[in-house]
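These notes concern the structure reproduced below.
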Amino acid sequence: MDEPSAPEPKRDAPGDSVIATQALTKRYRGGQLAVDGLDLTVPAGSVFGFLGPNGSGKTTTIRMLMGLIEPTSGSARVLGRPMPRAARTVLPQVGALIEGPALYGFLSGRDNLLRYDAADPTADPRTRRTRVAAALDRVGLTAAAGKKARAYSLGMKQRLGLAAALLQPRRLLVLDEPTNGLDPQGMREIRSLIRELASDGTTVFLSSHLLDEIEQVCTHAAVMARGRLITQGAVADLAAGARGRLVVTTPDTGEAARVLKEQGAGDVVTAEDRVTAEPPDMDLAEVNAALVKAGVRVRGFGVERASLEDAFVALTGEGFDVAG
Amino acid sequence: MSRAEAASPEETVPRAEAVRGVSPLWTFGLLRSELLTTFRRWRTLALLAVLAAVPILVGIAVKIETGDGSSAGPGEGGGPAFISQITNNGLFLVFTALAATLPFFLPMSIGVVAGDAIAGEANAGTLRYLLVAPAGRTRLLLTKYATVMVFCLVATLVVAVSALTVGAILFPLGDLTTISGTRISFADGLGRALLIALVVAASLMGVAALGLFVSTLTNSGIAAMATTVGLLITVQILDQIPQLHALQPYFFSHYWLSFADLMRDPVYWDDLTKNLGLQALYAAVFGSAAWARFTAKDITA
């Protein structure tokens, strides 16, 4: 404990990286390579989306960052210190939700939090009850705090898990699928909570398989597939890397598709009253004019901005399915 | 979570630590939480209830058996140690109950609690949250072992107190005769009963360490409990096979019943010290093994 633990978490300078891994690799005893040479950099103050299909190595990476699993090779630094060696100094400043919440069913929600807080030797027992009450309040569980955790719904368990991550002011929050099991209203609440925390200067490392969730809350993202890092960077840059698609809304889909191909558009797809295609390298006004000239009744014409999903498909060359 | 406990660290924080804001005493918060958690579990209470019931059953059985004025049991060699003396002095029910529960009931309940200590947390997934809190692996293991030892003591005392209560209700109390034939006062007898309870609790150190080690090997609480209790039964059986005579002094249960030697006058210490030494050896060997395993383990549950 050579860092003084101030009541407020230290603000991380924007240039620093809160998580930095070098060639981080984990091979399980069965020989399966779960994470392969990962070089991940999470800038301070970012809301960092960690994307990848199930089985792509996200959870193994998170467990290595939290010192639960020893890497086979490579190194990981969290808050500027090596993990798992500096776990005692690093982890009190990190709140984590890993692979869903885990609770003592026979204890009340409040007692669960009291226990997790007691496990942290740097947590002040004099403020324990107040901090637990504040954390419960923050996730909207105050009314159910006295109920046995066994009786909680999945969404309530998820909230209690989040509350455990918020028992102390943190510099880094690692949230693995935090909106899992929540209803749309709960999802919105958690997202706004994440934004709120991020605006206080906490770096949030958010793993998710919901692309739109990442797109909504994250400033940065990394994409993993089959244990390897495919790309990382600002979300805006990632989405810009994939080209948008030209969308024509018309009842005359067959004719429209023919004209678009004629104009040099690739990958023409017809679905109901929409024809989409990769835009050709020319002024799109000319494409529109050609459609109208051919007698196509154009009801809508435009370019849909590429989503992160398009970027993901473009990067991995596959859909968002479980890696085999 | 009483106010007194919450406030106490404030006064005891050394000045240098107060500046830093973290007191080394806070580290014991985990032990307190662990004790609370263990003794609030329905299973722990059920085990203690079973242990408390044994002296009641023995006491009632002896009372019924001797209701017509005959002495209990067929004299020396029948039933658990001291059973024939109970009708003369209820205090002997304490020794009888401990002798009856030590071979199986007591170590079985220790095996359940110790086996579940780490594996149960892994099974529930709570282990990963304790470790990222961060509880610290060595600290968590020491806390778990301390808690199991407290449970050993509580379990033994539950048997002793239950036996003393039942003995006092059903049978007369008073001065008693030691195995050596000398008379000692009732107060002296109570002191020896307490000493015996402590020795019995200490006799369980070996099983506790063994159970904790097994608990670090698996992510299934049930498997760890079953393995520990299975080992206990196996060792008890092997201890009865004459051909294994050379190995038997190394079985953790071999000297368990030596606590009866505390009822000799003067006390015969040989087997008692052998027992305590053996328990310390088991605690050291399996404690180290548990530490080596747990601190190097990948937590995937």
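As shown in the structure tokens, the chain order sets the letters A, B, ...; within each chain, residues go from 1, and ligands are also counted from 1 in the order they appear.
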
Just want the 12 Å neighbourhood of A:Asp137, counted on only C-alpha atoms, with same-chain residues fewer than 5 positions away dropped. Output as a compact mmCIF listing (two decimals) with C-alpha atoms, in the first residue's frame.
```txt
# COMPACT_ATOMS: atom_id res chain seq x y z
CA GLY A 109 -28.78 -7.96 -0.50
CA ARG A 110 -27.36 -5.58 2.08
CA THR A 130 -23.14 4.27 4.73
CA ARG A 131 -21.22 3.22 1.64
CA VAL A 132 -23.34 0.07 1.26
CA THR A 142 -32.84 0.32 -1.46
CA ALA A 143 -36.38 -1.04 -1.17
CA ALA A 144 -35.24 -4.65 -1.68
CA ALA A 145 -32.06 -4.41 0.41
CA ARG A 159 -27.96 -4.53 -9.98
CA LEU A 160 -26.58 -5.89 -6.72
CA LEU A 162 -23.09 -3.49 -9.93
CA ALA A 163 -23.59 -2.08 -6.44
CA ALA A 164 -20.70 -4.25 -5.23
CA LEU A 166 -19.54 0.79 -6.65
CA LEU A 167 -18.83 0.32 -2.92
CA LEU A 193 -25.28 5.27 -14.75
```

Would you mind listing, for every residue of chain A within 6 Å of chain B, the two atoms forming the shortest contact and the distance between them in Å to one decimal, using only C-alpha atoms, sorted by chain and ascending residue number, as a tab-separated table?
```
residue	atom	partner	partner_atom	distance
A:Pro4	CA	B:Arg20	CA	5.8
A:Leu68	CA	B:Ile299	CA	5.2
A:Ile69	CA	B:Asp298	CA	4.5
A:Leu91	CA	B:Pro134	CA	5.9
A:Ala102	CA	B:Thr126	CA	5.1
A:Arg115	CA	B:Ser33	CA	5.8
A:Ala118	CA	B:Leu30	CA	5.1
A:Ala119	CA	B:Ala135	CA	4.7
A:Asp120	CA	B:Ala133	CA	5.1
A:Pro121	CA	B:Thr27	CA	4.7
A:Thr122	CA	B:Val22	CA	5.7
A:Arg126	CA	B:Ala6	CA	5.4
```

12 Å contact set for stretch 158-165 of chain B, only C-alpha atoms, chain neighbours under 2 positions out, as an MDAnalysis selection string: chainID B and resid 45 47:60 86 89:102 105:106 151:156 167:173 189:190 192:198 200:201

Assign secondary structure with DSSP using the backbone only, and return the residues of stretch 63-266 of chain A in alpha helix (DSSP H) as a ChimeraX atom specification. /A:63-65,87-90,109-118,128-138,154-165,184-199,211-217,235-241,253-262

Write the residues of the selection above to a file with C-alpha atoms, as a PDB file, in the first residue's frame.
```pdb
ATOM      1  CA  ARG A  63      -9.826 -12.593 -15.558  1.00  0.00           C
ATOM      2  CA  MET A  64      -6.141 -12.094 -16.359  1.00  0.00           C
ATOM      3  CA  LEU A  65      -6.514  -8.342 -15.870  1.00  0.00           C
ATOM      4  CA  ALA A  87      -3.255  -6.940  -7.084  1.00  0.00           C
ATOM      5  CA  ARG A  88      -3.282  -5.704  -3.485  1.00  0.00           C
ATOM      6  CA  THR A  89      -2.732  -2.082  -4.456  1.00  0.00           C
ATOM      7  CA  VAL A  90      -4.572  -2.067  -7.771  1.00  0.00           C
ATOM      8  CA  GLY A 109     -28.778  -7.956  -0.501  1.00  0.00           C
ATOM      9  CA  ARG A 110     -27.358  -5.578   2.081  1.00  0.00           C
ATOM     10  CA  ASP A 111     -25.463  -8.339   3.909  1.00  0.00           C
ATOM     11  CA  ASN A 112     -23.986  -9.507   0.603  1.00  0.00           C
ATOM     12  CA  LEU A 113     -22.520  -6.057   0.057  1.00  0.00           C
ATOM     13  CA  LEU A 114     -21.295  -5.858   3.659  1.00  0.00           C
ATOM     14  CA  ARG A 115     -19.445  -9.116   3.122  1.00  0.00           C
ATOM     15  CA  TYR A 116     -17.817  -8.048  -0.135  1.00  0.00           C
ATOM     16  CA  ASP A 117     -16.802  -4.775   1.441  1.00  0.00           C
ATOM     17  CA  ALA A 118     -15.294  -6.584   4.440  1.00  0.00           C
ATOM     18  CA  ARG A 128     -19.134   0.540   5.608  1.00  0.00           C
ATOM     19  CA  ARG A 129     -22.868   0.827   6.323  1.00  0.00           C
ATOM     20  CA  THR A 130     -23.139   4.268   4.727  1.00  0.00           C
ATOM     21  CA  ARG A 131     -21.223   3.219   1.644  1.00  0.00           C
ATOM     22  CA  VAL A 132     -23.338   0.074   1.263  1.00  0.00           C
ATOM     23  CA  ALA A 133     -26.530   2.136   1.570  1.00  0.00           C
ATOM     24  CA  ALA A 134     -25.238   4.613  -1.026  1.00  0.00           C
ATOM     25  CA  ALA A 135     -24.332   1.827  -3.453  1.00  0.00           C
ATOM     26  CA  LEU A 136     -27.762   0.215  -3.021  1.00  0.00           C
ATOM     27  CA  ASP A 137     -29.397   3.559  -3.635  1.00  0.00           C
ATOM     28  CA  ARG A 138     -27.340   4.162  -6.756  1.00  0.00           C
ATOM     29  CA  LEU A 154     -31.860 -11.839 -12.474  1.00  0.00           C
ATOM     30  CA  GLY A 155     -32.118  -8.095 -13.041  1.00  0.00           C
ATOM     31  CA  MET A 156     -31.975  -7.399  -9.303  1.00  0.00           C
ATOM     32  CA  LYS A 157     -28.960  -9.690  -8.915  1.00  0.00           C
ATOM     33  CA  GLN A 158     -27.293  -7.828 -11.750  1.00  0.00           C
ATOM     34  CA  ARG A 159     -27.961  -4.526  -9.982  1.00  0.00           C
ATOM     35  CA  LEU A 160     -26.584  -5.889  -6.722  1.00  0.00           C
ATOM     36  CA  GLY A 161     -23.455  -7.019  -8.575  1.00  0.00           C
ATOM     37  CA  LEU A 162     -23.087  -3.494  -9.928  1.00  0.00           C
ATOM     38  CA  ALA A 163     -23.592  -2.083  -6.441  1.00  0.00           C
ATOM     39  CA  ALA A 164     -20.698  -4.249  -5.226  1.00  0.00           C
ATOM     40  CA  ALA A 165     -18.512  -2.660  -7.897  1.00  0.00           C
ATOM     41  CA  PRO A 184     -35.259  -2.163 -21.442  1.00  0.00           C
ATOM     42  CA  GLN A 185     -35.925   0.351 -18.662  1.00  0.00           C
ATOM     43  CA  GLY A 186     -33.180  -1.228 -16.510  1.00  0.00           C
ATOM     44  CA  MET A 187     -30.798  -1.208 -19.483  1.00  0.00           C
ATOM     45  CA  ARG A 188     -31.401   2.513 -19.974  1.00  0.00           C
ATOM     46  CA  GLU A 189     -30.788   3.170 -16.286  1.00  0.00           C
ATOM     47  CA  ILE A 190     -27.525   1.232 -16.298  1.00  0.00           C
ATOM     48  CA  ARG A 191     -26.356   3.023 -19.446  1.00  0.00           C
ATOM     49  CA  SER A 192     -27.053   6.404 -17.935  1.00  0.00           C
ATOM     50  CA  LEU A 193     -25.275   5.270 -14.751  1.00  0.00           C
ATOM     51  CA  ILE A 194     -22.247   4.315 -16.834  1.00  0.00           C
ATOM     52  CA  ARG A 195     -22.261   7.706 -18.559  1.00  0.00           C
ATOM     53  CA  GLU A 196     -22.570   9.416 -15.198  1.00  0.00           C
ATOM     54  CA  LEU A 197     -19.610   7.469 -13.783  1.00  0.00           C
ATOM     55  CA  ALA A 198     -17.553   8.188 -16.863  1.00  0.00           C
ATOM     56  CA  SER A 199     -18.250  11.906 -16.578  1.00  0.00           C
ATOM     57  CA  LEU A 211     -23.154  -3.856 -30.646  1.00  0.00           C
ATOM     58  CA  ASP A 212     -25.698  -1.094 -30.357  1.00  0.00           C
ATOM     59  CA  GLU A 213     -25.028  -0.898 -26.631  1.00  0.00           C
ATOM     60  CA  ILE A 214     -21.338  -0.338 -27.280  1.00  0.00           C
ATOM     61  CA  GLU A 215     -22.193   2.187 -29.965  1.00  0.00           C
ATOM     62  CA  GLN A 216     -24.463   4.087 -27.584  1.00  0.00           C
ATOM     63  CA  VAL A 217     -22.181   4.429 -24.590  1.00  0.00           C
ATOM     64  CA  VAL A 235     -15.710   4.062 -31.963  1.00  0.00           C
ATOM     65  CA  ALA A 236     -16.215   6.823 -34.561  1.00  0.00           C
ATOM     66  CA  ASP A 237     -13.059   5.748 -36.416  1.00  0.00           C
ATOM     67  CA  LEU A 238     -14.031   2.086 -36.327  1.00  0.00           C
ATOM     68  CA  ALA A 239     -17.451   2.689 -37.802  1.00  0.00           C
ATOM     69  CA  ALA A 240     -15.974   5.054 -40.408  1.00  0.00           C
ATOM     70  CA  GLY A 241     -13.695   2.252 -41.530  1.00  0.00           C
ATOM     71  CA  THR A 253     -37.238  -3.437 -56.841  1.00  0.00           C
ATOM     72  CA  GLY A 254     -36.259  -5.604 -59.802  1.00  0.00           C
ATOM     73  CA  GLU A 255     -35.769  -2.693 -62.140  1.00  0.00           C
ATOM     74  CA  ALA A 256     -33.952  -0.685 -59.480  1.00  0.00           C
ATOM     75  CA  ALA A 257     -31.523  -3.544 -58.835  1.00  0.00           C
ATOM     76  CA  ARG A 258     -30.793  -3.792 -62.563  1.00  0.00           C
ATOM     77  CA  VAL A 259     -30.085  -0.067 -62.867  1.00  0.00           C
ATOM     78  CA  LEU A 260     -27.879  -0.041 -59.775  1.00  0.00           C
ATOM     79  CA  LYS A 261     -25.770  -2.907 -61.159  1.00  0.00           C
ATOM     80  CA  GLU A 262     -25.526  -1.058 -64.456  1.00  0.00           C
TER      81      GLU A 262
END
```

Please determine, counting only C-alpha atoms, which residue among A:Arg150, A:Lys26, A:Arg81, A:Arg299 has the shortest atom-to-atom distance to A:Ser108. A:Arg150

Which is closest to A:Leu229 among A:Pro82, A:Gly181, A:Gly31, A:Gly57, if we use only C-alpha atoms?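 Between A:Pro82, A:Gly181, A:Gly31, A:Gly57, the residue approaching A:Leu229 most closely is A:Gly57.
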
Those in stretch 166-275 of chain B with strand (DSSP E or B) from DSSP, as a list in words: Leu176, Thr177, Arg183 and Ile184 of chain B

Keeping C-alpha atoms, export the residues of the selection given above as a compact mmCIF listing (two decimals), in the first residue's frame.
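The file below, out_16.txt, is the result:
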```
# COMPACT_ATOMS: atom_id res chain seq x y z
CA LEU B 176 -16.03 -37.97 40.95
CA THR B 177 -13.62 -40.84 40.74
CA ARG B 183 -11.43 -38.78 44.12
CA ILE B 184 -11.48 -35.25 42.73
```

Find the residues near A:Leu40: any atom within 12 Å, counting only C-alpha atoms, skip ones fewer than 5 places away on the same chain, and give them as a count of residues only. 34

For B:Val214, please output as a list in words all residues within 10 Å (counting only C-alpha atoms; exclusion window: fewer than 4 positions along the same chain).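 Returned residues: Gly111, Ala114, Gly115, Asp116, Ala117, Ile118, Ala119, Ala208, Ala209, Leu210, Thr218, Gly221, Ala223, Ala224, Met225, Ala226, Thr227, Thr228, Phe286, Ala289, Ala290 and Arg293 of chain B.
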